[in-house]
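All remarks here apply to the structure that follows.
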Amino acid sequence: MNGKLYICGTPIGNLEDVTIRLLKTLRKVDMIACEDTRHTIKLLNRYKIKNKLYSYHEHSSPNREQFLLDELIRGRNIALVSDAGMPTISDPGDNLIRRAIESGVDIEVVPGPSAFTAALAVAGIDNSSFIFAGFLPSKQGKRQAMLRIIQQEPRTVILYEAPHRLLKTLQDIETIMGKESPVIVARELTKIHQEVKRGSVQEIREYYKENNPRGEICLLLPVPTQVKPTITLEEIIKETEDLIKSGLDKKQAFKMKAREYNIPKSIIYEQFIDSDDL
């Protein structure tokens with residue numbers, strides 16, 4: 001019988017951000033496949049866990065991945081962890097998971113902290129709709145090309161960035177999107193030196209020119225607040241009716257248009273009271 005592969009989320013900084021289930025899993029598996037044994041051993045030592053560590057990262061040879069797969073097929077249970085957060089989220093592990101699934105190995109997830117959701121929670125912006133785009137390309141040309149695509153995105157975009165590339169990326173954002181574009185940098189989340197900076201891209205870039213950024217960085221690009229063209233209440237109601245006719249729930253349609261035009265939901269609702277559409 002095949003073993004089981006546990007995909008385990010680990011703390012993104014503060015080692016107390018663990019779950020009881022994670023600790024139980026790390027204790028009971030036959031081995032732990034980790035991005036960096038020197039990093040993972042700190043977590044194990046903190047909770048007095050003794051288990052075998054096996055290095056597995058993006059630069060590992062195919063033989064290492066095959067070894068882990070063979071062990072799973074032999075019936076061994078393995079926990080897959082990255083240095084921080086959830087494996088495969090801008091971290092290694094996706095290929096091993098795909099091959100394990102193809103081989104009939106059971107997969108179980110042990111969810112844990114994630115830097116980009118933590119950054120979104122603390123950002124203080126509308127988080128009703130967003131996308132996570134991982135790391136931008138390291139080369140400027142490709143990075144700027146990607147930013148031109150992101151510029152058209154109607155949702156908040158969340159990125160990861162390395163400290164040594166932050167200023168270059170901020171400069172490219174300013175070049176492509178304009179110096180007043182809103183930016184939030186969430187750095188070293190859950191750690192002692194946690195920092196969340198909000199402002200225009202120009203302001204944020206000037207700040208980090210004077211304050212050398214370090215540690216793990218999340219970069220959030222909120223949708224700029226734009227002045228909407230003048231529109232009558234009748235036109236808003238017509239747009240709402242079209243949404244409902246397309247199959248959207250009435251309450252959701254009211255909520256969506258109220259948020260879009262920054263008016264109380266009750267105003268839209270009242271217009272339907274005497275309408276045959278309600």
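Numbering starts fresh at 1 for the residues of each chain in the structure tokens, the chains themselves are lettered A, B, ... in the order given, and ligands are numbered from 1 as they appear.
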Nearby residues (only C-alpha atoms) at most 12 Å from stretch 135-147 of chain A, same-chain spacing under 3 positions excluded, as a PDB file with all heavy atoms, in the first residue's frame:
ATOM      1  N   ILE A  89       3.420  27.475  -3.277  1.00  0.00           N
ATOM      2  CA  ILE A  89       3.000  28.858  -3.475  1.00  0.00           C
ATOM      3  C   ILE A  89       4.273  29.691  -3.599  1.00  0.00           C
ATOM      4  O   ILE A  89       4.837  30.143  -2.613  1.00  0.00           O
ATOM      5  CB  ILE A  89       2.119  29.374  -2.320  1.00  0.00           C
ATOM      6  CG1 ILE A  89       0.950  28.426  -2.072  1.00  0.00           C
ATOM      7  CG2 ILE A  89       1.633  30.783  -2.632  1.00  0.00           C
ATOM      8  CD1 ILE A  89       0.025  28.256  -3.260  1.00  0.00           C
ATOM      9  N   SER A  90       4.752  29.841  -4.834  1.00  0.00           N
ATOM     10  CA  SER A  90       6.060  30.453  -5.118  1.00  0.00           C
ATOM     11  C   SER A  90       7.182  29.706  -4.391  1.00  0.00           C
ATOM     12  O   SER A  90       8.195  30.288  -4.017  1.00  0.00           O
ATOM     13  CB  SER A  90       6.069  31.940  -4.730  1.00  0.00           C
ATOM     14  OG  SER A  90       5.266  32.687  -5.602  1.00  0.00           O
ATOM     15  N   ASP A  91       6.984  28.445  -4.165  1.00  0.00           N
ATOM     16  CA  ASP A  91       7.955  27.567  -3.520  1.00  0.00           C
ATOM     17  C   ASP A  91       7.941  26.220  -4.231  1.00  0.00           C
ATOM     18  O   ASP A  91       6.982  25.899  -4.949  1.00  0.00           O
ATOM     19  CB  ASP A  91       7.617  27.387  -2.029  1.00  0.00           C
ATOM     20  CG  ASP A  91       8.168  28.499  -1.162  1.00  0.00           C
ATOM     21  OD1 ASP A  91       9.255  29.002  -1.478  1.00  0.00           O
ATOM     22  OD2 ASP A  91       7.513  28.873  -0.177  1.00  0.00           O
ATOM     23  N   PHE A 116       0.942  36.087   1.527  1.00  0.00           N
ATOM     24  CA  PHE A 116       0.152  37.031   0.727  1.00  0.00           C
ATOM     25  C   PHE A 116      -1.240  37.257   1.306  1.00  0.00           C
ATOM     26  O   PHE A 116      -1.788  38.352   1.205  1.00  0.00           O
ATOM     27  CB  PHE A 116       0.103  36.616  -0.753  1.00  0.00           C
ATOM     28  CG  PHE A 116      -0.842  35.502  -1.097  1.00  0.00           C
ATOM     29  CD1 PHE A 116      -2.186  35.753  -1.327  1.00  0.00           C
ATOM     30  CD2 PHE A 116      -0.378  34.209  -1.256  1.00  0.00           C
ATOM     31  CE1 PHE A 116      -3.054  34.733  -1.688  1.00  0.00           C
ATOM     32  CE2 PHE A 116      -1.235  33.187  -1.615  1.00  0.00           C
ATOM     33  CZ  PHE A 116      -2.581  33.447  -1.829  1.00  0.00           C
ATOM     34  N   PHE A 132      -3.133  36.783  -7.015  1.00  0.00           N
ATOM     35  CA  PHE A 132      -1.758  36.612  -6.544  1.00  0.00           C
ATOM     36  C   PHE A 132      -0.913  36.255  -7.745  1.00  0.00           C
ATOM     37  O   PHE A 132      -1.178  35.277  -8.444  1.00  0.00           O
ATOM     38  CB  PHE A 132      -1.684  35.509  -5.489  1.00  0.00           C
ATOM     39  CG  PHE A 132      -0.279  35.127  -5.123  1.00  0.00           C
ATOM     40  CD1 PHE A 132       0.560  36.036  -4.500  1.00  0.00           C
ATOM     41  CD2 PHE A 132       0.210  33.862  -5.408  1.00  0.00           C
ATOM     42  CE1 PHE A 132       1.862  35.698  -4.174  1.00  0.00           C
ATOM     43  CE2 PHE A 132       1.510  33.502  -5.076  1.00  0.00           C
ATOM     44  CZ  PHE A 132       2.330  34.428  -4.452  1.00  0.00           C
ATOM     45  N   ILE A 150      -0.444  43.884 -15.899  1.00  0.00           N
ATOM     46  CA  ILE A 150      -1.039  44.096 -14.581  1.00  0.00           C
ATOM     47  C   ILE A 150      -1.769  45.430 -14.522  1.00  0.00           C
ATOM     48  O   ILE A 150      -2.795  45.571 -13.830  1.00  0.00           O
ATOM     49  CB  ILE A 150       0.060  44.026 -13.498  1.00  0.00           C
ATOM     50  CG1 ILE A 150       0.539  42.573 -13.332  1.00  0.00           C
ATOM     51  CG2 ILE A 150      -0.414  44.593 -12.166  1.00  0.00           C
ATOM     52  CD1 ILE A 150       1.710  42.409 -12.391  1.00  0.00           C
ATOM     53  N   GLN A 151      -1.285  46.416 -15.255  1.00  0.00           N
ATOM     54  CA  GLN A 151      -1.903  47.741 -15.256  1.00  0.00           C
ATOM     55  C   GLN A 151      -3.369  47.687 -15.687  1.00  0.00           C
ATOM     56  O   GLN A 151      -4.181  48.513 -15.267  1.00  0.00           O
ATOM     57  CB  GLN A 151      -1.116  48.664 -16.192  1.00  0.00           C
ATOM     58  CG  GLN A 151      -1.552  50.122 -16.156  1.00  0.00           C
ATOM     59  CD  GLN A 151      -0.727  50.980 -17.095  1.00  0.00           C
ATOM     60  OE1 GLN A 151      -0.134  50.473 -18.046  1.00  0.00           O
ATOM     61  NE2 GLN A 151      -0.667  52.268 -16.834  1.00  0.00           N
ATOM     62  N   GLN A 152      -3.717  46.703 -16.503  1.00  0.00           N
ATOM     63  CA  GLN A 152      -5.093  46.570 -16.985  1.00  0.00           C
ATOM     64  C   GLN A 152      -5.970  45.745 -16.039  1.00  0.00           C
ATOM     65  O   GLN A 152      -7.171  45.617 -16.262  1.00  0.00           O
ATOM     66  CB  GLN A 152      -5.091  45.896 -18.367  1.00  0.00           C
ATOM     67  CG  GLN A 152      -4.190  46.563 -19.394  1.00  0.00           C
ATOM     68  CD  GLN A 152      -4.517  48.026 -19.599  1.00  0.00           C
ATOM     69  OE1 GLN A 152      -5.690  48.395 -19.691  1.00  0.00           O
ATOM     70  NE2 GLN A 152      -3.487  48.860 -19.680  1.00  0.00           N
ATOM     71  N   GLU A 153      -5.374  45.209 -14.988  1.00  0.00           N
ATOM     72  CA  GLU A 153      -6.088  44.321 -14.072  1.00  0.00           C
ATOM     73  C   GLU A 153      -7.065  45.122 -13.203  1.00  0.00           C
ATOM     74  O   GLU A 153      -6.668  46.076 -12.542  1.00  0.00           O
ATOM     75  CB  GLU A 153      -5.076  43.576 -13.194  1.00  0.00           C
ATOM     76  CG  GLU A 153      -5.677  42.697 -12.131  1.00  0.00           C
ATOM     77  CD  GLU A 153      -6.606  41.644 -12.713  1.00  0.00           C
ATOM     78  OE1 GLU A 153      -6.193  40.913 -13.628  1.00  0.00           O
ATOM     79  OE2 GLU A 153      -7.751  41.571 -12.230  1.00  0.00           O
ATOM     80  N   VAL A 157      -3.617  43.458  -7.074  1.00  0.00           N
ATOM     81  CA  VAL A 157      -2.590  42.474  -7.444  1.00  0.00           C
ATOM     82  C   VAL A 157      -1.596  42.350  -6.294  1.00  0.00           C
ATOM     83  O   VAL A 157      -1.118  43.353  -5.766  1.00  0.00           O
ATOM     84  CB  VAL A 157      -1.850  42.892  -8.735  1.00  0.00           C
ATOM     85  CG1 VAL A 157      -0.736  41.893  -9.064  1.00  0.00           C
ATOM     86  CG2 VAL A 157      -2.830  42.998  -9.896  1.00  0.00           C
ATOM     87  N   ILE A 158      -1.294  41.115  -5.906  1.00  0.00           N
ATOM     88  CA  ILE A 158      -0.338  40.854  -4.833  1.00  0.00           C
ATOM     89  C   ILE A 158       0.879  40.150  -5.436  1.00  0.00           C
ATOM     90  O   ILE A 158       0.749  39.163  -6.169  1.00  0.00           O
ATOM     91  CB  ILE A 158      -0.950  39.966  -3.731  1.00  0.00           C
ATOM     92  CG1 ILE A 158      -2.275  40.560  -3.250  1.00  0.00           C
ATOM     93  CG2 ILE A 158       0.021  39.827  -2.559  1.00  0.00           C
ATOM     94  CD1 ILE A 158      -3.021  39.661  -2.297  1.00  0.00           C
ATOM     95  N   LEU A 159       2.054  40.674  -5.116  1.00  0.00           N
ATOM     96  CA  LEU A 159       3.310  40.135  -5.639  1.00  0.00           C
ATOM     97  C   LEU A 159       4.248  39.803  -4.490  1.00  0.00           C
ATOM     98  O   LEU A 159       4.129  40.362  -3.392  1.00  0.00           O
ATOM     99  CB  LEU A 159       3.994  41.168  -6.540  1.00  0.00           C
ATOM    100  CG  LEU A 159       3.210  41.705  -7.736  1.00  0.00           C
ATOM    101  CD1 LEU A 159       3.851  42.985  -8.244  1.00  0.00           C
ATOM    102  CD2 LEU A 159       3.149  40.662  -8.845  1.00  0.00           C
ATOM    103  N   TYR A 160       5.195  38.912  -4.747  1.00  0.00           N
ATOM    104  CA  TYR A 160       6.337  38.728  -3.873  1.00  0.00           C
ATOM    105  C   TYR A 160       7.535  39.416  -4.533  1.00  0.00           C
ATOM    106  O   TYR A 160       7.624  39.469  -5.763  1.00  0.00           O
ATOM    107  CB  TYR A 160       6.658  37.245  -3.678  1.00  0.00           C
ATOM    108  CG  TYR A 160       5.711  36.497  -2.768  1.00  0.00           C
ATOM    109  CD1 TYR A 160       5.651  35.102  -2.794  1.00  0.00           C
ATOM    110  CD2 TYR A 160       4.888  37.170  -1.873  1.00  0.00           C
ATOM    111  CE1 TYR A 160       4.795  34.404  -1.959  1.00  0.00           C
ATOM    112  CE2 TYR A 160       4.026  36.482  -1.034  1.00  0.00           C
ATOM    113  CZ  TYR A 160       3.981  35.094  -1.085  1.00  0.00           C
ATOM    114  OH  TYR A 160       3.136  34.414  -0.248  1.00  0.00           O
ATOM    115  N   GLU A 161       8.440  39.941  -3.719  1.00  0.00           N
ATOM    116  CA  GLU A 161       9.632  40.550  -4.277  1.00  0.00           C
ATOM    117  C   GLU A 161      10.818  40.351  -3.349  1.00  0.00           C
ATOM    118  O   GLU A 161      10.657  40.312  -2.122  1.00  0.00           O
ATOM    119  CB  GLU A 161       9.408  42.038  -4.539  1.00  0.00           C
ATOM    120  CG  GLU A 161      10.499  42.697  -5.372  1.00  0.00           C
ATOM    121  CD  GLU A 161      10.814  41.942  -6.660  1.00  0.00           C
ATOM    122  OE1 GLU A 161      11.575  40.954  -6.593  1.00  0.00           O
ATOM    123  OE2 GLU A 161      10.290  42.321  -7.716  1.00  0.00           O
ATOM    124  N   ALA A 162      11.988  40.202  -3.951  1.00  0.00           N
ATOM    125  CA  ALA A 162      13.231  40.068  -3.189  1.00  0.00           C
ATOM    126  C   ALA A 162      13.707  41.455  -2.765  1.00  0.00           C
ATOM    127  O   ALA A 162      13.538  42.422  -3.514  1.00  0.00           O
ATOM    128  CB  ALA A 162      14.288  39.368  -4.027  1.00  0.00           C
ATOM    129  N   PRO A 163      14.326  41.580  -1.582  1.00  0.00           N
ATOM    130  CA  PRO A 163      14.772  42.900  -1.103  1.00  0.00           C
ATOM    131  C   PRO A 163      15.690  43.619  -2.077  1.00  0.00           C
ATOM    132  O   PRO A 163      15.555  44.822  -2.282  1.00  0.00           O
ATOM    133  CB  PRO A 163      15.489  42.560   0.205  1.00  0.00           C
ATOM    134  CG  PRO A 163      14.932  41.259   0.639  1.00  0.00           C
ATOM    135  CD  PRO A 163      14.601  40.510  -0.610  1.00  0.00           C
ATOM    136  N   HIS A 164      16.616  42.896  -2.705  1.00  0.00           N
ATOM    137  CA  HIS A 164      17.585  43.545  -3.579  1.00  0.00           C
ATOM    138  C   HIS A 164      16.979  44.020  -4.896  1.00  0.00           C
ATOM    139  O   HIS A 164      17.609  44.769  -5.641  1.00  0.00           O
ATOM    140  CB  HIS A 164      18.768  42.605  -3.857  1.00  0.00           C
ATOM    141  CG  HIS A 164      18.409  41.390  -4.670  1.00  0.00           C
ATOM    142  ND1 HIS A 164      17.848  40.262  -4.108  1.00  0.00           N
ATOM    143  CD2 HIS A 164      18.510  41.138  -6.003  1.00  0.00           C
ATOM    144  CE1 HIS A 164      17.638  39.362  -5.046  1.00  0.00           C
ATOM    145  NE2 HIS A 164      18.022  39.872  -6.204  1.00  0.00           N
ATOM    146  N   ARG A 165      15.718  43.590  -5.191  1.00  0.00           N
ATOM    147  CA  ARG A 165      15.069  44.034  -6.423  1.00  0.00           C
ATOM    148  C   ARG A 165      13.926  45.011  -6.166  1.00  0.00           C
ATOM    149  O   ARG A 165      13.313  45.516  -7.124  1.00  0.00           O
ATOM    150  CB  ARG A 165      14.527  42.837  -7.208  1.00  0.00           C
ATOM    151  CG  ARG A 165      15.579  42.013  -7.920  1.00  0.00           C
ATOM    152  CD  ARG A 165      14.968  41.232  -9.084  1.00  0.00           C
ATOM    153  NE  ARG A 165      13.842  40.407  -8.666  1.00  0.00           N
ATOM    154  CZ  ARG A 165      13.932  39.116  -8.381  1.00  0.00           C
ATOM    155  NH1 ARG A 165      15.083  38.491  -8.461  1.00  0.00           N
ATOM    156  NH2 ARG A 165      12.871  38.422  -8.026  1.00  0.00           N
ATOM    157  N   LEU A 166      13.628  45.291  -4.907  1.00  0.00           N
ATOM    158  CA  LEU A 166      12.449  46.100  -4.601  1.00  0.00           C
ATOM    159  C   LEU A 166      12.506  47.480  -5.248  1.00  0.00           C
ATOM    160  O   LEU A 166      11.543  47.921  -5.875  1.00  0.00           O
ATOM    161  CB  LEU A 166      12.268  46.234  -3.087  1.00  0.00           C
ATOM    162  CG  LEU A 166      11.066  47.091  -2.654  1.00  0.00           C
ATOM    163  CD1 LEU A 166       9.760  46.483  -3.155  1.00  0.00           C
ATOM    164  CD2 LEU A 166      11.035  47.256  -1.139  1.00  0.00           C
ATOM    165  N   LEU A 167      13.621  48.186  -5.109  1.00  0.00           N
ATOM    166  CA  LEU A 167      13.717  49.539  -5.661  1.00  0.00           C
ATOM    167  C   LEU A 167      13.577  49.532  -7.186  1.00  0.00           C
ATOM    168  O   LEU A 167      12.940  50.425  -7.764  1.00  0.00           O
ATOM    169  CB  LEU A 167      15.038  50.186  -5.251  1.00  0.00           C
ATOM    170  CG  LEU A 167      15.108  50.676  -3.801  1.00  0.00           C
ATOM    171  CD1 LEU A 167      16.512  51.167  -3.486  1.00  0.00           C
ATOM    172  CD2 LEU A 167      14.095  51.785  -3.552  1.00  0.00           C
ATOM    173  N   LYS A 168      14.168  48.549  -7.848  1.00  0.00           N
ATOM    174  CA  LYS A 168      14.050  48.456  -9.302  1.00  0.00           C
ATOM    175  C   LYS A 168      12.593  48.210  -9.711  1.00  0.00           C
ATOM    176  O   LYS A 168      12.102  48.799 -10.688  1.00  0.00           O
ATOM    177  CB  LYS A 168      14.944  47.335  -9.835  1.00  0.00           C
ATOM    178  CG  LYS A 168      16.432  47.589  -9.668  1.00  0.00           C
ATOM    179  CD  LYS A 168      17.244  46.418 -10.195  1.00  0.00           C
ATOM    180  CE  LYS A 168      18.741  46.664 -10.015  1.00  0.00           C
ATOM    181  NZ  LYS A 168      19.547  45.506 -10.482  1.00  0.00           N
ATOM    182  N   THR A 169      11.928  47.357  -8.969  1.00  0.00           N
ATOM    183  CA  THR A 169      10.529  47.072  -9.279  1.00  0.00           C
ATOM    184  C   THR A 169       9.649  48.295  -9.035  1.00  0.00           C
ATOM    185  O   THR A 169       8.776  48.617  -9.846  1.00  0.00           O
ATOM    186  CB  THR A 169      10.026  45.886  -8.428  1.00  0.00           C
ATOM    187  OG1 THR A 169      10.751  44.705  -8.805  1.00  0.00           O
ATOM    188  CG2 THR A 169       8.544  45.633  -8.642  1.00  0.00           C
ATOM    189  N   LEU A 170       9.882  48.999  -7.938  1.00  0.00           N
ATOM    190  CA  LEU A 170       9.118  50.217  -7.659  1.00  0.00           C
ATOM    191  C   LEU A 170       9.350  51.264  -8.745  1.00  0.00           C
ATOM    192  O   LEU A 170       8.419  51.973  -9.154  1.00  0.00           O
ATOM    193  CB  LEU A 170       9.497  50.776  -6.290  1.00  0.00           C
ATOM    194  CG  LEU A 170       9.045  49.950  -5.080  1.00  0.00           C
ATOM    195  CD1 LEU A 170       9.644  50.513  -3.793  1.00  0.00           C
ATOM    196  CD2 LEU A 170       7.519  49.889  -4.975  1.00  0.00           C
ATOM    197  N   GLN A 171      10.583  51.359  -9.208  1.00  0.00           N
ATOM    198  CA  GLN A 171      10.885  52.306 -10.292  1.00  0.00           C
ATOM    199  C   GLN A 171      10.125  51.931 -11.565  1.00  0.00           C
ATOM    200  O   GLN A 171       9.582  52.800 -12.263  1.00  0.00           O
ATOM    201  CB  GLN A 171      12.388  52.335 -10.564  1.00  0.00           C
ATOM    202  CG  GLN A 171      12.785  53.288 -11.697  1.00  0.00           C
ATOM    203  CD  GLN A 171      12.461  54.730 -11.381  1.00  0.00           C
ATOM    204  OE1 GLN A 171      13.087  55.346 -10.527  1.00  0.00           O
ATOM    205  NE2 GLN A 171      11.463  55.292 -12.074  1.00  0.00           N
ATOM    206  N   ASP A 172      10.054  50.639 -11.867  1.00  0.00           N
ATOM    207  CA  ASP A 172       9.327  50.196 -13.053  1.00  0.00           C
ATOM    208  C   ASP A 172       7.827  50.450 -12.904  1.00  0.00           C
ATOM    209  O   ASP A 172       7.155  50.812 -13.874  1.00  0.00           O
ATOM    210  CB  ASP A 172       9.593  48.708 -13.308  1.00  0.00           C
ATOM    211  CG  ASP A 172      10.987  48.457 -13.855  1.00  0.00           C
ATOM    212  OD1 ASP A 172      11.593  49.413 -14.371  1.00  0.00           O
ATOM    213  OD2 ASP A 172      11.460  47.315 -13.762  1.00  0.00           O
ATOM    214  N   ILE A 173       7.305  50.238 -11.702  1.00  0.00           N
ATOM    215  CA  ILE A 173       5.879  50.525 -11.467  1.00  0.00           C
ATOM    216  C   ILE A 173       5.602  52.008 -11.693  1.00  0.00           C
ATOM    217  O   ILE A 173       4.604  52.386 -12.316  1.00  0.00           O
ATOM    218  CB  ILE A 173       5.485  50.104 -10.036  1.00  0.00           C
ATOM    219  CG1 ILE A 173       5.543  48.581  -9.894  1.00  0.00           C
ATOM    220  CG2 ILE A 173       4.072  50.607  -9.692  1.00  0.00           C
ATOM    221  CD1 ILE A 173       5.375  48.090  -8.472  1.00  0.00           C
ATOM    222  N   GLU A 174       6.506  52.861 -11.191  1.00  0.00           N
ATOM    223  CA  GLU A 174       6.348  54.305 -11.376  1.00  0.00           C
ATOM    224  C   GLU A 174       6.413  54.673 -12.863  1.00  0.00           C
ATOM    225  O   GLU A 174       5.639  55.511 -13.341  1.00  0.00           O
ATOM    226  CB  GLU A 174       7.434  55.050 -10.596  1.00  0.00           C
ATOM    227  CG  GLU A 174       7.288  56.562 -10.628  1.00  0.00           C
ATOM    228  CD  GLU A 174       8.272  57.257  -9.711  1.00  0.00           C
ATOM    229  OE1 GLU A 174       8.688  56.642  -8.702  1.00  0.00           O
ATOM    230  OE2 GLU A 174       8.624  58.419  -9.988  1.00  0.00           O
ATOM    231  N   THR A 175       7.308  54.034 -13.589  1.00  0.00           N
ATOM    232  CA  THR A 175       7.451  54.307 -15.023  1.00  0.00           C
ATOM    233  C   THR A 175       6.213  53.892 -15.802  1.00  0.00           C
ATOM    234  O   THR A 175       5.726  54.628 -16.670  1.00  0.00           O
ATOM    235  CB  THR A 175       8.682  53.571 -15.585  1.00  0.00           C
ATOM    236  OG1 THR A 175       9.852  54.029 -14.924  1.00  0.00           O
ATOM    237  CG2 THR A 175       8.814  53.802 -17.085  1.00  0.00           C
ATOM    238  N   ILE A 176       5.687  52.717 -15.493  1.00  0.00           N
ATOM    239  CA  ILE A 176       4.559  52.160 -16.245  1.00  0.00           C
ATOM    240  C   ILE A 176       3.222  52.734 -15.787  1.00  0.00           C
ATOM    241  O   ILE A 176       2.366  53.078 -16.608  1.00  0.00           O
ATOM    242  CB  ILE A 176       4.520  50.619 -16.116  1.00  0.00           C
ATOM    243  CG1 ILE A 176       5.826  49.999 -16.623  1.00  0.00           C
ATOM    244  CG2 ILE A 176       3.320  50.038 -16.855  1.00  0.00           C
ATOM    245  CD1 ILE A 176       6.116  50.255 -18.073  1.00  0.00           C
ATOM    246  N   MET A 177       3.023  52.877 -14.487  1.00  0.00           N
ATOM    247  CA  MET A 177       1.707  53.212 -13.940  1.00  0.00           C
ATOM    248  C   MET A 177       1.581  54.643 -13.429  1.00  0.00           C
ATOM    249  O   MET A 177       0.483  55.079 -13.098  1.00  0.00           O
ATOM    250  CB  MET A 177       1.357  52.227 -12.808  1.00  0.00           C
ATOM    251  CG  MET A 177       1.355  50.782 -13.241  1.00  0.00           C
ATOM    252  SD  MET A 177       0.897  49.673 -11.888  1.00  0.00           S
ATOM    253  CE  MET A 177       1.075  48.079 -12.695  1.00  0.00           C
ATOM    254  N   GLY A 178       2.708  55.346 -13.329  1.00  0.00           N
ATOM    255  CA  GLY A 178       2.647  56.721 -12.853  1.00  0.00           C
ATOM    256  C   GLY A 178       3.050  56.836 -11.395  1.00  0.00           C
ATOM    257  O   GLY A 178       2.845  55.915 -10.599  1.00  0.00           O
ATOM    258  N   GLU A 216      11.482  39.147   3.942  1.00  0.00           N
ATOM    259  CA  GLU A 216      10.452  38.731   2.997  1.00  0.00           C
ATOM    260  C   GLU A 216       9.512  39.900   2.715  1.00  0.00           C
ATOM    261  O   GLU A 216       9.066  40.578   3.631  1.00  0.00           O
ATOM    262  CB  GLU A 216       9.660  37.550   3.578  1.00  0.00           C
ATOM    263  CG  GLU A 216      10.514  36.344   3.944  1.00  0.00           C
ATOM    264  CD  GLU A 216      11.144  35.689   2.731  1.00  0.00           C
ATOM    265  OE1 GLU A 216      10.515  35.719   1.649  1.00  0.00           O
ATOM    266  OE2 GLU A 216      12.263  35.158   2.842  1.00  0.00           O
ATOM    267  N   ILE A 217       9.186  40.103   1.427  1.00  0.00           N
ATOM    268  CA  ILE A 217       8.408  41.274   1.027  1.00  0.00           C
ATOM    269  C   ILE A 217       7.191  40.864   0.202  1.00  0.00           C
ATOM    270  O   ILE A 217       7.297  40.089  -0.754  1.00  0.00           O
ATOM    271  CB  ILE A 217       9.264  42.254   0.213  1.00  0.00           C
ATOM    272  CG1 ILE A 217      10.362  42.856   1.094  1.00  0.00           C
ATOM    273  CG2 ILE A 217       8.407  43.359  -0.412  1.00  0.00           C
ATOM    274  CD1 ILE A 217      11.374  43.692   0.340  1.00  0.00           C
ATOM    275  N   CYS A 218       6.029  41.413   0.584  1.00  0.00           N
ATOM    276  CA  CYS A 218       4.823  41.338  -0.230  1.00  0.00           C
ATOM    277  C   CYS A 218       4.546  42.739  -0.762  1.00  0.00           C
ATOM    278  O   CYS A 218       4.593  43.709  -0.011  1.00  0.00           O
ATOM    279  CB  CYS A 218       3.623  40.863   0.583  1.00  0.00           C
ATOM    280  SG  CYS A 218       3.606  39.110   0.940  1.00  0.00           S
ATOM    281  N   LEU A 219       4.251  42.823  -2.029  1.00  0.00           N
ATOM    282  CA  LEU A 219       3.980  44.096  -2.685  1.00  0.00           C
ATOM    283  C   LEU A 219       2.545  44.059  -3.202  1.00  0.00           C
ATOM    284  O   LEU A 219       2.194  43.193  -3.997  1.00  0.00           O
ATOM    285  CB  LEU A 219       4.967  44.289  -3.835  1.00  0.00           C
ATOM    286  CG  LEU A 219       4.958  45.587  -4.613  1.00  0.00           C
ATOM    287  CD1 LEU A 219       5.230  46.773  -3.695  1.00  0.00           C
ATOM    288  CD2 LEU A 219       6.007  45.535  -5.717  1.00  0.00           C
ATOM    289  N   LEU A 220       1.713  44.988  -2.731  1.00  0.00           N
ATOM    290  CA  LEU A 220       0.313  45.029  -3.135  1.00  0.00           C
ATOM    291  C   LEU A 220       0.060  46.254  -4.001  1.00  0.00           C
ATOM    292  O   LEU A 220       0.490  47.363  -3.660  1.00  0.00           O
ATOM    293  CB  LEU A 220      -0.616  45.064  -1.920  1.00  0.00           C
ATOM    294  CG  LEU A 220      -0.592  43.817  -1.022  1.00  0.00           C
ATOM    295  CD1 LEU A 220       0.425  43.987   0.092  1.00  0.00           C
ATOM    296  CD2 LEU A 220      -1.964  43.538  -0.443  1.00  0.00           C
ATOM    297  N   LEU A 221      -0.635  46.032  -5.103  1.00  0.00           N
ATOM    298  CA  LEU A 221      -0.987  47.110  -6.024  1.00  0.00           C
ATOM    299  C   LEU A 221      -2.512  47.229  -6.047  1.00  0.00           C
ATOM    300  O   LEU A 221      -3.194  46.531  -6.819  1.00  0.00           O
ATOM    301  CB  LEU A 221      -0.462  46.812  -7.429  1.00  0.00           C
ATOM    302  CG  LEU A 221       1.038  46.479  -7.547  1.00  0.00           C
ATOM    303  CD1 LEU A 221       1.393  46.189  -8.998  1.00  0.00           C
ATOM    304  CD2 LEU A 221       1.892  47.605  -6.996  1.00  0.00           C
TER     305      LEU A 221
END
Wanna dump the stretch 89-182 of chain A-stretch 25-29 of chain A contacts at 12 Å for me, each residue with its shortest atom pair and the distance in Å to one decimal, counting only C-alpha atoms, ordered by chain and number, as JSON lines?
{"residue": "A:Glu108", "atom": "CA", "partner": "A:Thr25", "partner_atom": "CA", "distance": 10.6}
{"residue": "A:Val109", "atom": "CA", "partner": "A:Thr25", "partner_atom": "CA", "distance": 10.5}
{"residue": "A:Val110", "atom": "CA", "partner": "A:Thr25", "partner_atom": "CA", "distance": 8.3}
{"residue": "A:Pro111", "atom": "CA", "partner": "A:Thr25", "partner_atom": "CA", "distance": 11.6}
Would you put the residues from that selection into a file with all heavy atoms, as a short mmCIF file (atom, residue, chain, number, x, y, z; two decimals), in the first residue's frame?
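Resulting contents of out36.cif:
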data_model
loop_
_atom_site.label_atom_id
_atom_site.label_comp_id
_atom_site.auth_asym_id
_atom_site.auth_seq_id
_atom_site.Cartn_x
_atom_site.Cartn_y
_atom_site.Cartn_z
N GLU A 108 -2.63 14.75 1.34
CA GLU A 108 -3.39 15.43 2.39
C GLU A 108 -2.73 16.77 2.69
O GLU A 108 -1.51 16.86 2.79
CB GLU A 108 -3.42 14.57 3.67
CG GLU A 108 -4.36 15.12 4.72
CD GLU A 108 -4.62 14.12 5.85
OE1 GLU A 108 -4.73 12.91 5.54
OE2 GLU A 108 -4.70 14.55 7.01
N VAL A 109 -3.54 17.82 2.80
CA VAL A 109 -3.00 19.14 3.07
C VAL A 109 -3.20 19.49 4.54
O VAL A 109 -4.24 19.22 5.14
CB VAL A 109 -3.65 20.22 2.17
CG1 VAL A 109 -5.14 20.36 2.45
CG2 VAL A 109 -2.94 21.55 2.32
N VAL A 110 -2.15 20.05 5.12
CA VAL A 110 -2.19 20.56 6.49
C VAL A 110 -2.00 22.08 6.36
O VAL A 110 -0.88 22.57 6.31
CB VAL A 110 -1.08 19.94 7.37
CG1 VAL A 110 -1.18 20.47 8.80
CG2 VAL A 110 -1.18 18.42 7.35
N PRO A 111 -3.10 22.82 6.23
CA PRO A 111 -2.99 24.25 5.91
C PRO A 111 -2.33 25.05 7.02
O PRO A 111 -2.37 24.68 8.19
CB PRO A 111 -4.45 24.68 5.71
CG PRO A 111 -5.24 23.69 6.49
CD PRO A 111 -4.49 22.40 6.42
#
